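Single-structure report; data block below.
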Amino acid sequence: MSEIDQIKQSISIYDVVGKYVELKKSGINYSGRCPFHNEKTPSFYVSPDRGTFKCFGCGEGGDIFTFYEKIEGMEFKEVLHKLAAEAGVTLSKNSGQKSATSKGERDNNLAILQWAVVFWQKQLSASPEAIDYLKKRGFTKQMVIDYALGYAPNQWESLKQFLLSKNIPEKDIEKVGLIKTGDKGKSYDRFRDRIIFPLRNVSGKTVAFSGRYIGSDDVSAKYLNSPETPVFNKSKELYGLDTAKHAMRKNNFAIVVEGQVDLVMSQSVFPNTVATSGTSLTAQHLQSIKRFTDRVIFVFDNDNAGVNASHKASILALGMDFEVRIATLPSGQDPADIIIKDVDAYKQYIKKAEDVFDYWIAVIANPNVKPREKTQLLEDRVFPLLHNHANALEQDRYINQISEKLQLSVSAIRTQLQSDKHKTSIASQYSDTKEDAESEPKTLTPFSKIALLLYWQEQVSVESRFIDPESIIKQFQADEQNELRVKISSHSEDSEIEEKMFDLEKMYENSIILENDINELLVNMSSYKSKQHQNTLMQQHALAIAQGETEKAQQLLQQINETITHAGKKNSNKEDSKSNS
């Protein structure tokens with residue numbers, strides 16, 4: 001038995017999902033309101049027998065590993081180790097996805113970073129200047145606790161000496177970015193005289209830090225961030241995602257701000273806020289957000305740098321089929337400034353956030369913007385958004401909207417949009433004219449329906465079965481039994497089999513209904529075979545006539561008549577049986 005199977009056998013999906021969803025008995029399964037989308041009527045089902053879940057509203061489904069990946073935004077490797085620990089299953093060295101560092105080494109790196117958190121928290125409690133700075137910036141005592149804020153003292157080796165006293169090798173301290181080596185070969189603390197903001201990954205583990213300088217001397221960087229390490233990828237991690245993920249899914253939108261202070265303040269009002277830390281928003285950041293929602297509001301500073309950042313982020317997000325909105329703040333103010341002065345005002349800015357196209361159309365339509373500038377803004381700001389929009393229908397709608405608002409012809413917009421100057425930024429396009437005959441739904445034969453029903457019954461525990469699959473198989477002839485078993489096993493390769501089985505479990509609430517349907521299918525199967533035989537004979541008869549084989553045609557015609565007569569008698573007997581019953 002594989003390690004994954006051992007884990008599934010040890011941990012019930014009912015217990016896992018039940019931590020997040022209120023489940024109620026529904027036949028042999030359980031149902032509840034889906035945690036992945038908002039719904040009033042439960043369409044989310046859990047099968048303890050098969051260890052799977054399925055939502056008929058949004059289409060999400062899978063096993064305990066899939067559920068944890070989606071609900072917590074974790075990668076498979078993280079889920080595997082988490083569930084293995086819960087199940088008491090020892091994993092082999094090659095378990096899960098390969099990474100740049102082994103699990104033992106990764107755990108060691110994370111432990112070192114956590115020791116740094118502990119050290120800096122103690123330093124903060126002993127520093128009146130640092131506490132005073134936080135109070136002036138609007139931080140409450142609870143915020144300091146919740147975000148594990150600390151203070152790096154203005155000393156060259158205080159953290160280094162603390163970690164060395166814990167028998168942590170200096171090379172390991174440097175590997176996780178806490179110290180750096182100078183030109184003379186001597187190492188020293190990377191963070192000094194700074195408020196420390198721990199950056200936690202989606203699982204809540206500290207992987208990096210950002211330090212805000214509070215001293216009086218001029219420094220090159222107000223904020224200093226951890227370098228990339230074996231446990232930290234700045235293009236992937238979002239500050240605050242570990243605390244925002246559930247609110248993002250519940251509210252079905254995310255707010256993205258810049259910087260740690262804005263994040264902490266914004267989450268006090270909107271828990272579904274995340275922030276970039278030391279880098280621009282990347283596709284990997286957006287992919288992390290999309291695990292929880294496909295709607296995003298960008299709240300960046302209302303200056304040239306902030307406007308450019310939100311525009312680049314919007315292009316990326318539209319290319320990933322996000323719904324994008326822009327919240328415009330007063331010039332010179334950031335979210336933290338506004339929240340400290342007037343929380344309700346900040347709520348209104350978020351509430352009034354504009355669709356990204358409406359935002360730029362309004363900028364261009366401003367009467368103070370000169371005609372030539374309008375054209376330039378259209379090409380520089382709006383066209384890149386259109387080019388990279390993943391939804392062709394939405395793209396078409398916005399073109400018509402631009403035409404109406406800016407009084408430009410649709411044909412002129414399309415001509416310029418498709419010009420060589422802009423083609424290089426056009427996102428991938430797909431033809432919708434190609435037809436795939438194999439994608440058309442096919443009606444199942446009675447034989448195939450029986451095979452599906454038997455496959456379903458084989459997947460549930462013996463106690464939960466309505467029928468014994470083997471007793472049904474034995475009703476067939478030997479050659480048909482082999483064919484049926486092959487047909488049954490083939491369902492394991494069906495990508496939609498879980499959905500089909502949940503459908504069956506909703507349809508059949510007891511054994512009587514299922515037994516009646518299978519008996520009906522057995523009768524229909526005989527009739528279906530008879531019709532198939534008739535069709536074959538008719539095709540052979542037509543071919544014999546076309547080839548001038550008169551005698552063969554007569555023989556085939558006689559067989560056709562006998563088949564029809566036999567079928568008629570069977571139907572008559574069937575009707576008599578129904579009337580007598």
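Note on naming: chains are A, B, ... as they come in the structure tokens, residues start from 1 per chain, ligands start from 1 in the order shown.
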
Write down as JSON, numbers by chain the residues belonging to segment 37-217 of chain A that are assigned alpha helix (DSSP H) by DSSP computed on the backbone.
{"A": [64, 65, 66, 67, 68, 69, 70, 71, 72, 76, 77, 78, 79, 80, 81, 82, 83, 84, 85, 86, 87, 103, 104, 105, 106, 107, 108, 109, 110, 111, 112, 113, 114, 115, 116, 117, 118, 119, 120, 121, 122, 123, 124, 125, 128, 129, 130, 131, 132, 133, 134, 135, 136, 141, 142, 143, 144, 145, 146, 158, 159, 160, 161, 162, 163, 164, 170, 171, 172, 173, 174, 175]}

Residues near Tyr346 of chain A, anyone? I mean within 9 Å using only C-alpha atoms, not counting same-chain ones fewer than 3 positions away, as a list in words.
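Listing them by chain and then by number gives Ser266, Val269, Leu329, Pro335, Ile338, Ile339, Asp342, Val343, Tyr349, Ile350 and Lys351 of chain A.
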
Within 12 Å of Glu379 of chain A, counting only C-alpha atoms, which residues show up once you throw out same-chain ones fewer than 6 positions away? Write them as a tab-separated table (two decimals) with all heavy atoms, in the first residue's frame, please.
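Result saved to out-v3.tsv:
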```
chain	number	residue	atom	x	y	z
A	360	TRP	N	-9.64	53.89	-16.54
A	360	TRP	CA	-8.80	54.51	-17.55
A	360	TRP	C	-9.60	55.30	-18.58
A	360	TRP	O	-9.14	56.34	-19.08
A	360	TRP	CB	-7.93	53.46	-18.25
A	360	TRP	CG	-6.75	53.10	-17.40
A	360	TRP	CD1	-6.53	51.94	-16.72
A	360	TRP	CD2	-5.65	53.96	-17.09
A	360	TRP	NE1	-5.36	52.02	-16.01
A	360	TRP	CE2	-4.79	53.23	-16.23
A	360	TRP	CE3	-5.30	55.25	-17.46
A	360	TRP	CZ2	-3.61	53.77	-15.73
A	360	TRP	CZ3	-4.11	55.79	-16.96
A	360	TRP	CH2	-3.28	55.06	-16.11
A	361	ILE	N	-10.81	54.86	-18.87
A	361	ILE	CA	-11.67	55.63	-19.79
A	361	ILE	C	-12.00	56.98	-19.18
A	361	ILE	O	-12.00	58.01	-19.86
A	361	ILE	CB	-12.95	54.85	-20.11
A	361	ILE	CG1	-12.61	53.64	-21.00
A	361	ILE	CG2	-13.97	55.74	-20.82
A	361	ILE	CD1	-13.77	52.70	-21.22
A	364	ILE	N	-9.01	59.25	-19.51
A	364	ILE	CA	-8.85	59.75	-20.89
A	364	ILE	C	-9.94	60.75	-21.25
A	364	ILE	O	-9.69	61.73	-21.96
A	364	ILE	CB	-8.88	58.56	-21.88
A	364	ILE	CG1	-7.69	57.64	-21.62
A	364	ILE	CG2	-8.84	59.05	-23.32
A	364	ILE	CD1	-7.73	56.33	-22.38
A	372	ARG	N	-4.38	64.85	-28.37
A	372	ARG	CA	-3.22	64.00	-28.68
A	372	ARG	C	-2.85	63.13	-27.47
A	372	ARG	O	-2.43	61.97	-27.62
A	372	ARG	CB	-2.05	64.86	-29.12
A	372	ARG	CG	-0.88	64.05	-29.67
A	372	ARG	CD	0.14	64.93	-30.35
A	372	ARG	NE	1.20	64.15	-30.95
A	372	ARG	CZ	1.11	63.54	-32.13
A	372	ARG	NH1	-0.01	63.63	-32.84
A	372	ARG	NH2	2.13	62.83	-32.61
A	373	GLU	N	-3.01	63.70	-26.28
A	373	GLU	CA	-2.72	62.95	-25.07
A	373	GLU	C	-3.72	61.81	-24.90
A	373	GLU	O	-3.36	60.73	-24.41
A	373	GLU	CB	-2.75	63.87	-23.84
A	373	GLU	CG	-1.61	64.88	-23.80
A	373	GLU	CD	-1.74	65.84	-22.64
A	373	GLU	OE1	-2.86	65.93	-22.08
A	373	GLU	OE2	-0.74	66.49	-22.29
A	385	LEU	N	-4.23	46.56	-21.88
A	385	LEU	CA	-5.24	45.86	-21.07
A	385	LEU	C	-6.14	45.00	-21.96
A	385	LEU	O	-6.46	43.86	-21.63
A	385	LEU	CB	-6.09	46.87	-20.28
A	385	LEU	CG	-5.36	47.73	-19.26
A	385	LEU	CD1	-6.31	48.78	-18.68
A	385	LEU	CD2	-4.79	46.87	-18.13
A	386	LEU	N	-6.54	45.57	-23.10
A	386	LEU	CA	-7.39	44.83	-24.04
A	386	LEU	C	-6.66	43.63	-24.63
A	386	LEU	O	-7.21	42.53	-24.72
A	386	LEU	CB	-7.86	45.76	-25.17
A	386	LEU	CG	-8.97	46.75	-24.85
A	386	LEU	CD1	-9.16	47.72	-26.02
A	386	LEU	CD2	-10.28	46.03	-24.56
A	387	HIS	N	-5.43	43.85	-25.04
A	387	HIS	CA	-4.64	42.78	-25.66
A	387	HIS	C	-4.53	41.57	-24.75
A	387	HIS	O	-4.58	40.43	-25.20
A	387	HIS	CB	-3.23	43.28	-25.97
A	387	HIS	CG	-3.15	44.14	-27.19
A	387	HIS	ND1	-3.78	43.83	-28.37
A	387	HIS	CD2	-2.50	45.31	-27.40
A	387	HIS	CE1	-3.53	44.77	-29.25
A	387	HIS	NE2	-2.76	45.68	-28.71
A	413	ILE	N	-10.91	51.62	-33.67
A	413	ILE	CA	-10.27	51.04	-32.48
A	413	ILE	C	-9.69	49.67	-32.82
A	413	ILE	O	-8.55	49.36	-32.49
A	413	ILE	CB	-11.29	50.91	-31.33
A	413	ILE	CG1	-11.76	52.31	-30.89
A	413	ILE	CG2	-10.68	50.17	-30.15
A	413	ILE	CD1	-12.90	52.28	-29.89
A	414	ARG	N	-10.50	48.87	-33.54
A	414	ARG	CA	-10.04	47.52	-33.89
A	414	ARG	C	-8.84	47.56	-34.84
A	414	ARG	O	-7.90	46.76	-34.71
A	414	ARG	CB	-11.19	46.73	-34.53
A	414	ARG	CG	-12.29	46.35	-33.55
A	414	ARG	CD	-13.28	45.37	-34.19
A	414	ARG	NE	-14.35	45.05	-33.28
A	414	ARG	CZ	-14.28	44.18	-32.29
A	414	ARG	NH1	-13.15	43.54	-32.07
A	414	ARG	NH2	-15.31	43.94	-31.51
A	416	GLN	N	-6.54	49.92	-35.11
A	416	GLN	CA	-5.35	50.31	-34.38
A	416	GLN	C	-4.90	49.21	-33.42
A	416	GLN	O	-3.71	48.97	-33.22
A	416	GLN	CB	-5.60	51.62	-33.62
A	416	GLN	CG	-4.37	52.22	-32.96
A	416	GLN	CD	-3.32	52.65	-33.98
A	416	GLN	OE1	-3.60	52.76	-35.18
A	416	GLN	NE2	-2.11	52.88	-33.51
A	417	LEU	N	-5.89	48.55	-32.83
A	417	LEU	CA	-5.60	47.50	-31.86
A	417	LEU	C	-4.84	46.34	-32.51
A	417	LEU	O	-3.98	45.73	-31.89
A	417	LEU	CB	-6.92	46.99	-31.25
A	417	LEU	CG	-6.84	46.07	-30.03
A	417	LEU	CD1	-6.20	46.81	-28.86
A	417	LEU	CD2	-8.23	45.59	-29.64
A	418	GLN	N	-5.17	46.06	-33.75
A	418	GLN	CA	-4.56	44.94	-34.46
A	418	GLN	C	-3.32	45.34	-35.27
A	418	GLN	O	-2.76	44.52	-35.99
A	418	GLN	CB	-5.58	44.30	-35.41
A	418	GLN	CG	-6.79	43.70	-34.71
A	418	GLN	CD	-6.40	42.60	-33.74
A	418	GLN	OE1	-5.44	41.88	-33.98
A	418	GLN	NE2	-7.13	42.48	-32.64
A	419	SER	N	-2.92	46.58	-35.15
A	419	SER	CA	-1.76	47.05	-35.91
A	419	SER	C	-0.49	46.36	-35.43
A	419	SER	O	-0.41	45.82	-34.33
A	419	SER	CB	-1.60	48.57	-35.77
A	419	SER	OG	-1.24	48.90	-34.44
A	421	LYS	N	2.07	47.52	-34.38
A	421	LYS	CA	2.66	48.14	-33.21
A	421	LYS	C	2.24	47.45	-31.93
A	421	LYS	O	2.95	47.45	-30.93
A	421	LYS	CB	2.23	49.63	-33.17
A	421	LYS	CG	2.79	50.41	-31.98
A	421	LYS	CD	2.35	51.85	-32.05
A	421	LYS	CE	2.85	52.65	-30.86
A	421	LYS	NZ	2.42	54.05	-30.90
A	422	HIS	N	1.05	46.83	-31.94
A	422	HIS	CA	0.51	46.26	-30.70
A	422	HIS	C	0.41	44.74	-30.71
A	422	HIS	O	0.15	44.13	-29.69
A	422	HIS	CB	-0.89	46.83	-30.43
A	422	HIS	CG	-0.89	48.32	-30.27
A	422	HIS	ND1	-0.39	48.94	-29.16
A	422	HIS	CD2	-1.32	49.30	-31.10
A	422	HIS	CE1	-0.52	50.25	-29.30
A	422	HIS	NE2	-1.08	50.50	-30.46
A	425	SER	N	1.95	42.23	-28.03
A	425	SER	CA	1.46	42.06	-26.66
A	425	SER	C	0.12	41.34	-26.58
A	425	SER	O	-0.46	41.22	-25.53
A	425	SER	CB	1.32	43.44	-25.98
A	425	SER	OG	0.35	44.21	-26.65
```

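Minimum atom-to-atom distance to Val264 of chain A, evaluated using only C-alpha atoms, belongs to A:Leu149 out of A:Ile513, A:Leu316, A:Ile131, A:Leu149.
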
Looking at only C-alpha atoms, which of A:Ser26, A:Ser280, A:Gln260, A:Thr90 is the one that sits closest to His311 of chain A?
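Residue with the minimum atom-to-atom distance to His311 of chain A: A:Ser280.
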
Pick the closest to Asn109 of chain A from A:Lys175, A:Lys122, A:Lys374, A:Arg397: which is it, counting only C-alpha atoms?
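Of A:Lys175, A:Lys122, A:Lys374, A:Arg397, the one nearest Asn109 of chain A, counting only C-alpha atoms, is A:Lys175.
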
Just give me the gap between atom CA of Gln475 of chain A and atom CA of Glu515 of chain A in Å, one decimal is fine.
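Between these atoms lies a distance of 13.5 Å.
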
So how far away is atom CA of Leu406 of chain A from atom CA of Ala313 of chain A, in Å?
24.3 Å

Could you name the residues that touch Val363 of chain A at 10 Å or less, counting only C-alpha atoms, but leaving out those on the same chain fewer than 4 positions away, as a compact mmCIF listing (two decimals) with N, CA, C and O atoms, in the first residue's frame?
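Produced file out_35.txt, reproduced below:
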```txt
# COMPACT_ATOMS: atom_id res chain seq x y z
N PHE A 357 -11.14 49.25 -16.70
CA PHE A 357 -11.38 49.94 -17.97
C PHE A 357 -12.15 51.25 -17.74
O PHE A 357 -11.85 52.27 -18.36
N ASP A 358 -13.13 51.21 -16.84
CA ASP A 358 -13.87 52.43 -16.50
C ASP A 358 -12.92 53.48 -15.93
O ASP A 358 -13.04 54.67 -16.21
N TYR A 359 -11.96 53.00 -15.12
CA TYR A 359 -11.00 53.90 -14.50
C TYR A 359 -10.19 54.63 -15.58
O TYR A 359 -10.09 55.87 -15.56
N PRO A 367 -11.87 66.35 -19.51
CA PRO A 367 -11.79 67.47 -20.46
C PRO A 367 -10.45 68.20 -20.43
O PRO A 367 -10.10 68.90 -21.39
N ASN A 368 -9.69 68.03 -19.35
CA ASN A 368 -8.39 68.69 -19.26
C ASN A 368 -7.29 67.95 -20.05
O ASN A 368 -6.19 68.46 -20.23
N VAL A 369 -7.62 66.74 -20.51
CA VAL A 369 -6.65 65.97 -21.29
C VAL A 369 -6.76 66.36 -22.76
O VAL A 369 -7.84 66.31 -23.35
N LYS A 374 -4.96 62.07 -25.31
CA LYS A 374 -5.99 61.02 -25.23
C LYS A 374 -5.58 59.81 -26.07
O LYS A 374 -5.69 58.66 -25.63
N LEU A 377 -2.71 57.99 -24.35
CA LEU A 377 -3.17 57.23 -23.18
C LEU A 377 -3.93 55.98 -23.61
O LEU A 377 -3.78 54.91 -23.00
N LEU A 378 -4.72 56.11 -24.68
CA LEU A 378 -5.48 54.98 -25.18
C LEU A 378 -4.54 53.86 -25.61
O LEU A 378 -4.75 52.68 -25.30
```

Find the distance between atom CA of Asp494 of chain A and atom CA of Ser288 of chain A and write it in Å to one decimal.
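Straight-line distance from atom CA of Asp494 of chain A to atom CA of Ser288 of chain A works out to 28.9 Å.
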
If you count only C-alpha atoms, which residues fall within 7 Å of segment 223-237 of chain A, apart from same-chain ones fewer than 6 positions away, as a count of residues only?
19

Given only C-alpha atoms as the counted atoms, nearest of A:Asn308, A:Trp115, A:Pro384, A:Asp344 to Ser165 of chain A:
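Going through A:Asn308, A:Trp115, A:Pro384, A:Asp344 one by one, the smallest distance to Ser165 of chain A is for A:Trp115.
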
Please provide as a list in words all residues within 9 Å of Ile473 of chain A, with the sequence filter that same-chain residues fewer than 3 positions apart are discarded (counting only C-alpha atoms).
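Near Ile473 of chain A, the qualifying residues are Leu454, Pro469, Glu470, Phe476, Gln477, Glu480, Gln481, Leu484 and Arg485 of chain A.
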